[in-house]
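A.B. asks: Here you go, this is start19.cif (mmCIF, C-alpha atoms).
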```cif
data_entry
loop_
_atom_site.group_PDB
_atom_site.id
_atom_site.type_symbol
_atom_site.label_atom_id
_atom_site.label_comp_id
_atom_site.auth_asym_id
_atom_site.auth_seq_id
_atom_site.Cartn_x
_atom_site.Cartn_y
_atom_site.Cartn_z
ATOM 1 C CA MET A 261 105.610 98.342 118.760
ATOM 2 C CA HIS A 262 102.137 97.238 117.797
ATOM 3 C CA LEU A 263 102.034 97.123 113.989
ATOM 4 C CA PHE A 264 99.017 96.873 111.706
ATOM 5 C CA VAL A 265 100.010 95.046 108.503
ATOM 6 C CA ALA A 266 97.562 95.543 105.657
ATOM 7 C CA GLY A 267 98.180 92.829 103.088
ATOM 8 C CA ALA A 268 99.749 90.430 105.572
ATOM 9 C CA GLY A 269 98.939 87.438 103.367
ATOM 10 C CA GLY A 270 100.681 88.759 100.247
ATOM 11 C CA ALA A 271 104.076 87.723 98.919
ATOM 12 C CA VAL A 272 105.945 90.303 100.996
ATOM 13 C CA GLY A 273 103.546 90.096 103.932
ATOM 14 C CA ARG A 274 104.124 86.359 104.394
ATOM 15 C CA SER A 275 107.838 86.994 104.844
ATOM 16 C CA LEU A 276 107.373 90.236 106.750
ATOM 17 C CA VAL A 277 105.048 89.126 109.558
ATOM 18 C CA PRO A 278 107.403 86.444 111.002
ATOM 19 C CA ARG A 279 110.285 88.937 110.873
ATOM 20 C CA LEU A 280 108.281 91.527 112.787
ATOM 21 C CA LEU A 281 107.278 88.971 115.405
ATOM 22 C CA ALA A 282 110.879 87.764 115.724
ATOM 23 C CA ALA A 283 111.935 91.387 116.308
ATOM 24 C CA GLY A 284 109.572 91.529 119.282
ATOM 25 C CA HIS A 285 106.741 93.500 117.725
ATOM 26 C CA ARG A 286 103.068 92.793 118.239
ATOM 27 C CA VAL A 287 101.392 92.324 114.846
ATOM 28 C CA THR A 288 97.801 92.613 113.689
ATOM 29 C CA GLY A 289 97.475 91.507 110.078
ATOM 30 C CA THR A 290 94.602 91.739 107.615
ATOM 31 C CA SER A 291 93.156 89.072 105.366
ATOM 32 C CA ARG A 292 90.097 89.054 103.143
ATOM 33 C CA SER A 293 89.397 85.412 104.051
ATOM 34 C CA GLU A 294 88.883 83.531 107.290
ATOM 35 C CA ALA A 295 91.429 80.945 106.141
ATOM 36 C CA GLY A 296 94.019 83.690 105.713
ATOM 37 C CA ALA A 297 93.208 85.115 109.112
ATOM 38 C CA ALA A 298 93.577 81.648 110.632
ATOM 39 C CA ARG A 299 97.046 81.284 109.055
ATOM 40 C CA LEU A 300 98.114 84.565 110.600
ATOM 41 C CA ARG A 301 96.911 83.493 114.035
ATOM 42 C CA ALA A 302 98.650 80.137 113.691
ATOM 43 C CA GLY A 303 101.893 82.015 113.032
ATOM 44 C CA GLY A 304 101.588 84.067 116.207
ATOM 45 C CA ALA A 305 99.999 87.267 114.887
ATOM 46 C CA GLU A 306 96.620 88.734 115.641
ATOM 47 C CA ALA A 307 94.324 88.886 112.635
ATOM 48 C CA VAL A 308 91.310 90.716 111.323
ATOM 49 C CA GLN A 309 89.232 89.629 108.355
ATOM 50 C CA VAL A 310 88.494 92.762 106.355
ATOM 51 C CA ASP A 311 88.277 94.022 102.792
ATOM 52 C CA VAL A 312 90.331 97.215 102.558
ATOM 53 C CA LEU A 313 87.960 98.523 99.880
ATOM 54 C CA ASP A 314 85.311 98.701 102.637
ATOM 55 C CA ALA A 315 86.256 102.038 104.206
ATOM 56 C CA ASP A 316 84.046 101.730 107.288
ATOM 57 C CA ALA A 317 85.130 98.191 108.126
ATOM 58 C CA LEU A 318 88.802 99.040 107.699
ATOM 59 C CA ARG A 319 88.508 102.149 109.863
ATOM 60 C CA ASP A 320 86.831 100.126 112.593
ATOM 61 C CA ALA A 321 89.562 97.471 112.391
ATOM 62 C CA VAL A 322 92.443 99.947 112.643
ATOM 63 C CA VAL A 323 90.792 101.967 115.410
ATOM 64 C CA ALA A 324 90.118 98.788 117.393
ATOM 65 C CA ALA A 325 93.711 97.621 116.965
ATOM 66 C CA ALA A 326 95.127 101.042 117.970
ATOM 67 C CA PRO A 327 98.558 100.319 116.468
ATOM 68 C CA ASP A 328 101.702 102.425 116.703
ATOM 69 C CA ALA A 329 102.312 102.243 112.940
ATOM 70 C CA VAL A 330 100.739 100.886 109.765
ATOM 71 C CA LEU A 331 102.492 98.844 107.092
ATOM 72 C CA HIS A 332 100.806 99.052 103.672
ATOM 73 C CA MET A 333 101.708 95.857 101.793
ATOM 74 C CA LEU A 334 98.528 95.718 99.714
ATOM 75 C CA THR A 335 98.527 94.439 96.125
ATOM 76 C CA ASP A 336 95.963 92.765 93.879
ATOM 77 C CA LEU A 337 98.031 90.866 91.329
ATOM 78 C CA SER A 338 96.795 87.273 91.472
ATOM 79 C CA GLY A 339 94.733 87.783 88.317
ATOM 80 C CA ALA A 340 97.292 90.013 86.587
ATOM 81 C CA ASP A 341 94.600 92.674 86.428
ATOM 82 C CA GLY A 342 96.341 96.036 86.250
ATOM 83 C CA ALA A 343 93.094 97.947 86.717
ATOM 84 C CA ALA A 344 92.269 96.033 89.917
ATOM 85 C CA ASN A 345 95.733 96.672 91.308
ATOM 86 C CA SER A 346 95.499 100.372 90.443
ATOM 87 C CA ARG A 347 92.118 100.549 92.155
ATOM 88 C CA LEU A 348 93.637 99.041 95.281
ATOM 89 C CA ARG A 349 96.427 101.624 95.201
ATOM 90 C CA HIS A 350 93.922 104.457 94.837
ATOM 91 C CA GLU A 351 91.018 103.340 97.042
ATOM 92 C CA GLY A 352 92.770 100.955 99.417
ATOM 93 C CA THR A 353 95.449 103.518 100.236
ATOM 94 C CA ARG A 354 92.838 106.236 100.742
ATOM 95 C CA HIS A 355 90.918 104.042 103.162
ATOM 96 C CA LEU A 356 94.047 102.902 105.014
ATOM 97 C CA VAL A 357 95.429 106.418 105.477
ATOM 98 C CA ASP A 358 92.040 107.684 106.647
ATOM 99 C CA ALA A 359 91.767 104.751 109.047
ATOM 100 C CA ALA A 360 95.249 105.438 110.394
ATOM 101 C CA ARG A 361 94.298 109.071 110.986
ATOM 102 C CA ALA A 362 91.128 108.020 112.800
ATOM 103 C CA ALA A 363 93.214 105.758 115.044
ATOM 104 C CA GLY A 364 95.753 108.482 115.772
ATOM 105 C CA VAL A 365 98.523 106.679 113.884
ATOM 106 C CA GLY A 366 101.243 108.968 112.550
ATOM 107 C CA ARG A 367 103.603 106.536 110.788
ATOM 108 C CA ILE A 368 103.199 104.404 107.669
ATOM 109 C CA VAL A 369 105.549 102.208 105.639
ATOM 110 C CA ALA A 370 104.094 101.623 102.175
ATOM 111 C CA GLN A 371 104.974 99.277 99.323
ATOM 112 C CA SER A 372 105.559 100.960 95.952
ATOM 113 C CA ILE A 373 107.535 100.035 92.817
ATOM 114 C CA ALA A 374 110.921 100.955 91.340
ATOM 115 C CA TRP A 375 109.927 100.910 87.658
ATOM 116 C CA ALA A 376 107.644 103.947 87.615
ATOM 117 C CA TYR A 377 110.441 106.444 86.923
ATOM 118 C CA ALA A 378 110.629 108.793 83.955
ATOM 119 C CA PRO A 379 112.782 107.628 81.009
ATOM 120 C CA GLY A 380 116.549 107.945 81.189
ATOM 121 C CA ALA A 381 119.833 106.334 80.250
ATOM 122 C CA ASP A 382 120.960 105.122 83.676
ATOM 123 C CA PRO A 383 119.410 103.309 86.642
ATOM 124 C CA ALA A 384 117.195 105.747 88.552
ATOM 125 C CA ASP A 385 117.689 107.022 92.058
ATOM 126 C CA GLU A 386 114.985 108.638 94.163
ATOM 127 C CA SER A 387 115.643 112.110 92.741
ATOM 128 C CA VAL A 388 114.218 111.063 89.358
ATOM 129 C CA PRO A 389 110.542 112.050 88.924
ATOM 130 C CA LEU A 390 107.832 109.514 88.282
ATOM 131 C CA ASP A 391 106.807 108.953 84.667
ATOM 132 C CA LEU A 392 103.531 110.855 84.965
ATOM 133 C CA GLY A 393 103.334 111.598 81.246
ATOM 134 C CA ALA A 394 103.519 107.946 80.222
ATOM 135 C CA PRO A 395 101.030 106.676 77.603
ATOM 136 C CA GLU A 396 98.464 104.046 78.531
ATOM 137 C CA PRO A 397 98.422 101.437 79.917
ATOM 138 C CA ARG A 398 101.605 102.429 81.764
ATOM 139 C CA GLY A 399 100.142 105.841 82.506
ATOM 140 C CA ALA A 400 97.399 104.365 84.690
ATOM 141 C CA THR A 401 99.934 102.313 86.655
ATOM 142 C CA VAL A 402 102.192 105.294 87.303
ATOM 143 C CA ALA A 403 99.226 107.497 88.250
ATOM 144 C CA ALA A 404 98.142 104.894 90.814
ATOM 145 C CA VAL A 405 101.668 104.695 92.237
ATOM 146 C CA ASP A 406 101.782 108.483 92.471
ATOM 147 C CA ALA A 407 98.423 108.503 94.268
ATOM 148 C CA LEU A 408 99.580 105.832 96.733
ATOM 149 C CA GLU A 409 102.752 107.744 97.542
ATOM 150 C CA ARG A 410 101.050 111.139 97.877
ATOM 151 C CA MET A 411 98.284 109.789 100.115
ATOM 152 C CA SER A 412 100.783 107.942 102.315
ATOM 153 C CA ALA A 413 102.718 111.193 102.714
ATOM 154 C CA GLU A 414 99.646 112.814 104.290
ATOM 155 C CA LEU A 415 100.653 111.124 107.540
ATOM 156 C CA PRO A 416 103.393 112.871 109.545
ATOM 157 C CA GLU A 417 105.896 110.051 108.950
ATOM 158 C CA ALA A 418 105.735 108.087 105.690
ATOM 159 C CA VAL A 419 108.394 105.819 104.213
ATOM 160 C CA VAL A 420 107.643 104.590 100.697
ATOM 161 C CA LEU A 421 109.580 101.487 99.640
ATOM 162 C CA ARG A 422 110.013 101.294 95.876
ATOM 163 C CA PHE A 423 110.591 97.571 95.417
ATOM 164 C CA GLY A 424 112.214 96.068 92.358
ATOM 165 C CA LEU A 425 110.619 93.112 90.586
ATOM 166 C CA LEU A 426 109.912 90.621 93.352
ATOM 167 C CA TYR A 427 111.102 87.036 93.054
ATOM 168 C CA GLY A 428 110.886 84.135 95.442
ATOM 169 C CA PRO A 429 107.894 82.334 97.029
ATOM 170 C CA GLY A 430 104.485 83.606 95.993
ATOM 171 C CA THR A 431 105.755 85.801 93.135
ATOM 172 C CA TRP A 432 105.487 85.634 89.346
ATOM 173 C CA TYR A 433 109.228 84.898 89.205
ATOM 174 C CA ALA A 434 109.157 81.847 91.479
ATOM 175 C CA PRO A 435 109.838 78.333 90.102
ATOM 176 C CA ASP A 436 106.082 77.686 90.206
ATOM 177 C CA GLY A 437 105.154 81.187 89.059
ATOM 178 C CA ALA A 438 103.725 82.632 85.882
ATOM 179 C CA ALA A 439 107.074 83.637 84.374
ATOM 180 C CA ALA A 440 108.424 80.123 84.826
ATOM 181 C CA ALA A 441 105.342 78.619 83.170
ATOM 182 C CA ALA A 442 105.727 81.006 80.244
ATOM 183 C CA LEU A 443 109.386 80.059 79.821
ATOM 184 C CA ARG A 444 108.544 76.351 79.914
ATOM 185 C CA GLY A 445 105.714 76.805 77.436
ATOM 186 C CA GLU A 446 103.172 75.530 79.949
ATOM 187 C CA PRO A 447 99.702 76.873 80.695
ATOM 188 C CA GLY A 448 99.822 79.103 83.703
ATOM 189 C CA PRO A 449 98.392 82.206 85.273
ATOM 190 C CA PRO A 450 98.814 85.470 83.379
ATOM 191 C CA PHE A 451 101.222 88.136 84.521
ATOM 192 C CA LEU A 452 102.010 91.705 83.595
ATOM 193 C CA GLY A 453 105.736 91.208 82.986
ATOM 194 C CA SER A 454 107.762 89.850 80.114
ATOM 195 C CA VAL A 455 110.280 87.071 79.588
ATOM 196 C CA ALA A 456 111.419 88.304 76.189
ATOM 197 C CA PRO A 457 115.256 88.354 76.337
ATOM 198 C CA ASP A 458 115.584 91.895 75.033
ATOM 199 C CA ALA A 459 117.385 95.107 76.016
ATOM 200 C CA ALA A 460 114.821 96.290 78.608
ATOM 201 C CA VAL A 461 116.593 96.781 81.966
ATOM 202 C CA SER A 462 115.018 95.607 85.231
ATOM 203 C CA SER A 463 116.000 95.602 88.885
ATOM 204 C CA PHE A 464 115.023 92.669 91.094
ATOM 205 C CA VAL A 465 114.727 92.033 94.819
ATOM 206 C CA HIS A 466 113.946 88.803 96.655
ATOM 207 C CA VAL A 467 110.799 88.913 98.795
ATOM 208 C CA ASP A 468 112.832 88.165 101.933
ATOM 209 C CA ASP A 469 115.062 91.167 101.257
ATOM 210 C CA ALA A 470 112.005 93.323 100.563
ATOM 211 C CA ALA A 471 110.588 92.211 103.920
ATOM 212 C CA SER A 472 113.841 92.972 105.726
ATOM 213 C CA ALA A 473 113.762 96.492 104.263
ATOM 214 C CA ALA A 474 110.193 96.972 105.547
ATOM 215 C CA VAL A 475 111.324 96.029 109.057
ATOM 216 C CA ALA A 476 114.281 98.412 108.867
ATOM 217 C CA ALA A 477 112.094 101.198 107.463
ATOM 218 C CA LEU A 478 110.200 101.437 110.749
ATOM 219 C CA ASP A 479 113.153 103.550 111.898
ATOM 220 C CA TRP A 480 113.920 105.403 108.643
ATOM 221 C CA PRO A 481 113.136 109.050 107.925
ATOM 222 C CA SER A 482 110.219 109.850 105.639
ATOM 223 C CA GLY A 483 110.422 109.702 101.863
ATOM 224 C CA PRO A 484 110.810 107.242 98.993
ATOM 225 C CA VAL A 485 113.567 104.607 99.071
ATOM 226 C CA ASN A 486 114.520 102.202 96.286
ATOM 227 C CA VAL A 487 114.776 98.600 97.484
ATOM 228 C CA VAL A 488 116.563 96.654 94.748
ATOM 229 C CA ASP A 489 119.528 94.353 94.392
ATOM 230 C CA ASP A 490 122.954 95.423 93.152
ATOM 231 C CA GLU A 491 122.652 94.467 89.480
ATOM 232 C CA PRO A 492 120.104 96.129 87.204
ATOM 233 C CA ALA A 493 120.343 94.199 83.964
ATOM 234 C CA PRO A 494 118.806 93.812 80.500
ATOM 235 C CA ALA A 495 116.458 90.896 80.045
ATOM 236 C CA ARG A 496 118.828 89.271 77.577
ATOM 237 C CA LEU A 497 121.100 88.619 80.580
ATOM 238 C CA TRP A 498 118.659 87.679 83.343
ATOM 239 C CA VAL A 499 116.079 85.702 81.345
ATOM 240 C CA PRO A 500 118.482 82.811 80.511
ATOM 241 C CA VAL A 501 119.507 82.579 84.184
ATOM 242 C CA LEU A 502 115.878 82.450 85.278
ATOM 243 C CA ALA A 503 115.115 79.868 82.577
ATOM 244 C CA ALA A 504 117.915 77.610 83.814
ATOM 245 C CA ALA A 505 116.759 78.014 87.403
ATOM 246 C CA VAL A 506 113.200 76.899 86.584
ATOM 247 C CA GLY A 507 114.156 74.087 84.192
ATOM 248 C CA ALA A 508 113.240 75.828 80.958
ATOM 249 C CA PRO A 509 115.228 76.109 77.720
ATOM 250 C CA PRO A 510 116.736 79.556 77.207
ATOM 251 C CA PRO A 511 114.779 81.539 74.609
ATOM 252 C CA GLU A 512 116.527 83.105 71.650
ATOM 253 C CA PRO A 513 117.736 86.618 72.512
ATOM 254 C CA VAL A 514 116.160 89.602 70.804
ATOM 255 C CA ALA A 515 118.753 91.134 68.498
ATOM 256 C CA SER A 516 117.704 94.773 68.828
ATOM 257 C CA ASP A 517 119.326 97.064 71.393
ATOM 258 C CA GLU A 518 116.248 99.313 71.539
ATOM 259 C CA ARG A 519 114.473 99.538 74.874
ATOM 260 C CA PRO A 520 111.700 101.661 76.350
ATOM 261 C CA GLY A 521 113.314 104.656 78.015
ATOM 262 C CA TRP A 522 111.615 103.879 81.340
ATOM 263 C CA ALA A 523 113.024 100.312 81.398
ATOM 264 C CA ARG A 524 116.195 101.584 83.063
ATOM 265 C CA GLY A 525 116.404 99.788 86.422
ATOM 266 C CA ALA A 526 117.039 101.504 89.734
ATOM 267 C CA ARG A 527 119.776 101.954 92.292
ATOM 268 C CA ALA A 528 119.539 101.620 96.048
ATOM 269 C CA ASP A 529 122.396 103.752 97.346
ATOM 270 C CA LEU A 530 120.029 105.473 99.801
ATOM 271 C CA ALA A 531 118.869 102.194 101.338
ATOM 272 C CA ARG A 532 122.487 101.031 101.605
ATOM 273 C CA SER A 533 123.422 104.264 103.375
ATOM 274 C CA ARG A 534 120.746 103.451 105.970
ATOM 275 C CA GLY A 535 122.220 100.037 106.668
ATOM 276 C CA TRP A 536 120.057 97.813 104.441
ATOM 277 C CA HIS A 537 121.957 95.223 102.425
ATOM 278 C CA PRO A 538 120.207 92.412 100.527
ATOM 279 C CA SER A 539 121.105 88.879 101.470
ATOM 280 C CA ARG A 540 120.808 88.109 97.745
ATOM 281 C CA PRO A 541 122.836 90.928 96.163
ATOM 282 C CA THR A 542 122.167 89.782 92.600
ATOM 283 C CA TRP A 543 119.619 87.766 90.659
ATOM 284 C CA ARG A 544 122.592 85.819 89.207
ATOM 285 C CA THR A 545 122.875 83.853 92.440
ATOM 286 C CA GLY A 546 119.364 84.521 93.726
ATOM 287 C CA PHE A 547 117.520 82.797 90.881
ATOM 288 C CA PRO A 548 119.467 79.498 91.080
ATOM 289 C CA ALA A 549 119.061 79.448 94.871
ATOM 290 C CA MET A 550 115.243 79.549 94.727
#
```
Show me the file's structure as structure tokens.

C.D. replies:
Amino acid sequence: MHLFVAGAGGAVGRSLVPRLLAAGHRVTGTSRSEAGAARLRAGGAEAVQVDVLDADALRDAVVAAAPDAVLHMLTDLSGADGAANSRLRHEGTRHLVDAARAAGVGRIVAQSIAWAYAPGADPADESVPLDLGAPEPRGATVAAVDALERMSAELPEAVVLRFGLLYGPGTWYAPDGAAAAALRGEPGPPFLGSVAPDAAVSSFVHVDDAASAAVAALDWPSGPVNVVDDEPAPARLWVPVLAAAVGAPPPEPVASDERPGWARGARADLARSRGWHPSRPTWRTGFPAM
């Protein structure tokens, strides 16, 4: 297949594009910079320099490529600006879906998140509704996720991958990432997460496993699918393991067992039933192996 990868230079995109090429697909990837486009070409992909917030330019790029499917891997997290990322989910998705329609593309695989579910006691599966009544600033994030998923579903075939917290190269939870700097007490880029060792439950997934799910999803039926590892866990368990992996002292655990109701983690039984299994089934071994 000829695949148009929007966000090919992002954390997932950098792992995804080589996998798609290795599987025999033809890939056209986007980058906002000429340097990024050059890196894509050097890796064997075709590339187009385009800003997805420019609707006309993106439509022209997708129509010219004439792909068989679109992969939406767009994020804007380098500055830890939640409003910018929400804008990309709203406007970038709108432009990409419209461009796909103009090009006659009927299939999209889109990157979403697995921590936008409504509050509950147990890890969420895909039957749990999104937390649309959440107070701000979470409310704006969930609304943007909802918009991304609804717009993607306008195409005849739409698989939405609800990724857990990404770790590995290019992420906040890499050894050179923002979380590691915070744990070491070093100046570093901001991020929208937390390294407080409290009772809040998270689910993780390595970027390589997220990318492998995106490849597999080209053949999956439409709908949302959680893509997370096998061990949702409270921060008081995973933070010390991450600290050790990045050479930081473990912070003192928070004594309280209270947690936000939405900080519940997620489960990926549906993805497993479709044949996806993470090569790093738990952060316990995944963090030290980074």

A.B. asks: So the first atom is atom CA of A:Pro494 and the second is atom CA of A:Val465; what is the distance between them in Å, to one decimal place?

C.D. replies: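 Spanning atom CA of A:Pro494 to atom CA of A:Val465 is a straight-line distance of 15.0 Å.
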
A.B. asks: Give as a ChimeraX atom specification the residues that the PyMOL selection byres ((chain A and resi 550) around 8) matches when applied to the coordinates above.

C.D. replies: /A:428,434-435,505,546-549

A.B. asks: Can you pull out the residues contacting stretch 375-390 of chain A? Cut-off 12 Å, using all atoms listed in the file, and skip same-chain residues under 5 positions away; I want them as a ChimeraX atom specification.

C.D. replies: /A:395,398-407,409-410,420-426,453,460-464,483-494,518-531

A.B. asks: Please determine an axis-aligned box that encloses all atoms of stretch 535-541 of chain A listed in the file, with 5 Å added on each side, and express its centre and edge lengths in Å to one decimal as AutoDock Vina command-line options.

C.D. replies:
```
--center_x 121.4 --center_y 94.1 --center_z 101.4 --size_x 12.8 --size_y 21.9 --size_z 20.5
```

A.B. asks: Report as number ranges by chain the residues that result from applying the PyMOL selection byres ((chain A and resi 321-334) around 8) to the structure here.

C.D. replies: A: 261-268, 270, 272-273, 288, 308, 310, 317-320, 335-336, 348-349, 352-353, 356, 359-360, 362-371

A.B. asks: Please return as a ChimeraX atom specification every residue within 12 Å of (106.9, 80.6, 79.2), taking into account all atoms listed in the file and the file's own coordinates.

C.D. replies: /A:432-433,435-451,453-457,499-500,502-503,506-511

A.B. asks: Output C-alpha atoms of each residue in that selection to a file, as a tab-separated table (two decimals), in the coordinates of the input.

C.D. replies:
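See out.tsv below for the written result:
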```
chain	number	residue	atom	x	y	z
A	432	TRP	CA	105.49	85.63	89.35
A	433	TYR	CA	109.23	84.90	89.20
A	435	PRO	CA	109.84	78.33	90.10
A	436	ASP	CA	106.08	77.69	90.21
A	437	GLY	CA	105.15	81.19	89.06
A	438	ALA	CA	103.72	82.63	85.88
A	439	ALA	CA	107.07	83.64	84.37
A	440	ALA	CA	108.42	80.12	84.83
A	441	ALA	CA	105.34	78.62	83.17
A	442	ALA	CA	105.73	81.01	80.24
A	443	LEU	CA	109.39	80.06	79.82
A	444	ARG	CA	108.54	76.35	79.91
A	445	GLY	CA	105.71	76.81	77.44
A	446	GLU	CA	103.17	75.53	79.95
A	447	PRO	CA	99.70	76.87	80.69
A	448	GLY	CA	99.82	79.10	83.70
A	449	PRO	CA	98.39	82.21	85.27
A	450	PRO	CA	98.81	85.47	83.38
A	451	PHE	CA	101.22	88.14	84.52
A	453	GLY	CA	105.74	91.21	82.99
A	454	SER	CA	107.76	89.85	80.11
A	455	VAL	CA	110.28	87.07	79.59
A	456	ALA	CA	111.42	88.30	76.19
A	457	PRO	CA	115.26	88.35	76.34
A	499	VAL	CA	116.08	85.70	81.34
A	500	PRO	CA	118.48	82.81	80.51
A	502	LEU	CA	115.88	82.45	85.28
A	503	ALA	CA	115.12	79.87	82.58
A	506	VAL	CA	113.20	76.90	86.58
A	507	GLY	CA	114.16	74.09	84.19
A	508	ALA	CA	113.24	75.83	80.96
A	509	PRO	CA	115.23	76.11	77.72
A	510	PRO	CA	116.74	79.56	77.21
A	511	PRO	CA	114.78	81.54	74.61
```

A.B. asks: Spell out the residues picked by the PyMOL selection byres ((chain A and resi 291) around 9) here, as an mmCIF file with C-alpha atoms, in the frame of the given file.

C.D. replies:
```cif
data_model
loop_
_atom_site.group_PDB
_atom_site.id
_atom_site.type_symbol
_atom_site.label_atom_id
_atom_site.label_comp_id
_atom_site.auth_asym_id
_atom_site.auth_seq_id
_atom_site.Cartn_x
_atom_site.Cartn_y
_atom_site.Cartn_z
ATOM 1 C CA ALA A 266 97.562 95.543 105.657
ATOM 2 C CA GLY A 267 98.180 92.829 103.088
ATOM 3 C CA ALA A 268 99.749 90.430 105.572
ATOM 4 C CA GLY A 269 98.939 87.438 103.367
ATOM 5 C CA GLY A 289 97.475 91.507 110.078
ATOM 6 C CA THR A 290 94.602 91.739 107.615
ATOM 7 C CA ARG A 292 90.097 89.054 103.143
ATOM 8 C CA SER A 293 89.397 85.412 104.051
ATOM 9 C CA GLU A 294 88.883 83.531 107.290
ATOM 10 C CA ALA A 295 91.429 80.945 106.141
ATOM 11 C CA GLY A 296 94.019 83.690 105.713
ATOM 12 C CA ALA A 297 93.208 85.115 109.112
ATOM 13 C CA LEU A 300 98.114 84.565 110.600
ATOM 14 C CA ALA A 307 94.324 88.886 112.635
ATOM 15 C CA VAL A 308 91.310 90.716 111.323
ATOM 16 C CA GLN A 309 89.232 89.629 108.355
ATOM 17 C CA VAL A 310 88.494 92.762 106.355
ATOM 18 C CA ASP A 311 88.277 94.022 102.792
#
```

A.B. asks: Kindly give the distance, in Å, that separates atom CA of A:Thr431 and atom CA of A:Arg544, rounded to a single decimal.

C.D. replies: 17.3 Å

A.B. asks: Work out how far apart atom CA of A:Arg361 and atom CA of A:Leu478 are and give it in Å to one decimal.

C.D. replies: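 For atom CA of A:Arg361 relative to atom CA of A:Leu478, the distance reads 17.6 Å.
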
A.B. asks: Got a sec to check which residues sit within 10 Å of (108.5, 95.1, 112.5), counting all atoms listed in the file, and write them as a PyMOL selection string?

C.D. replies: chain A and resi 261-265+276-287+329+331+471-479
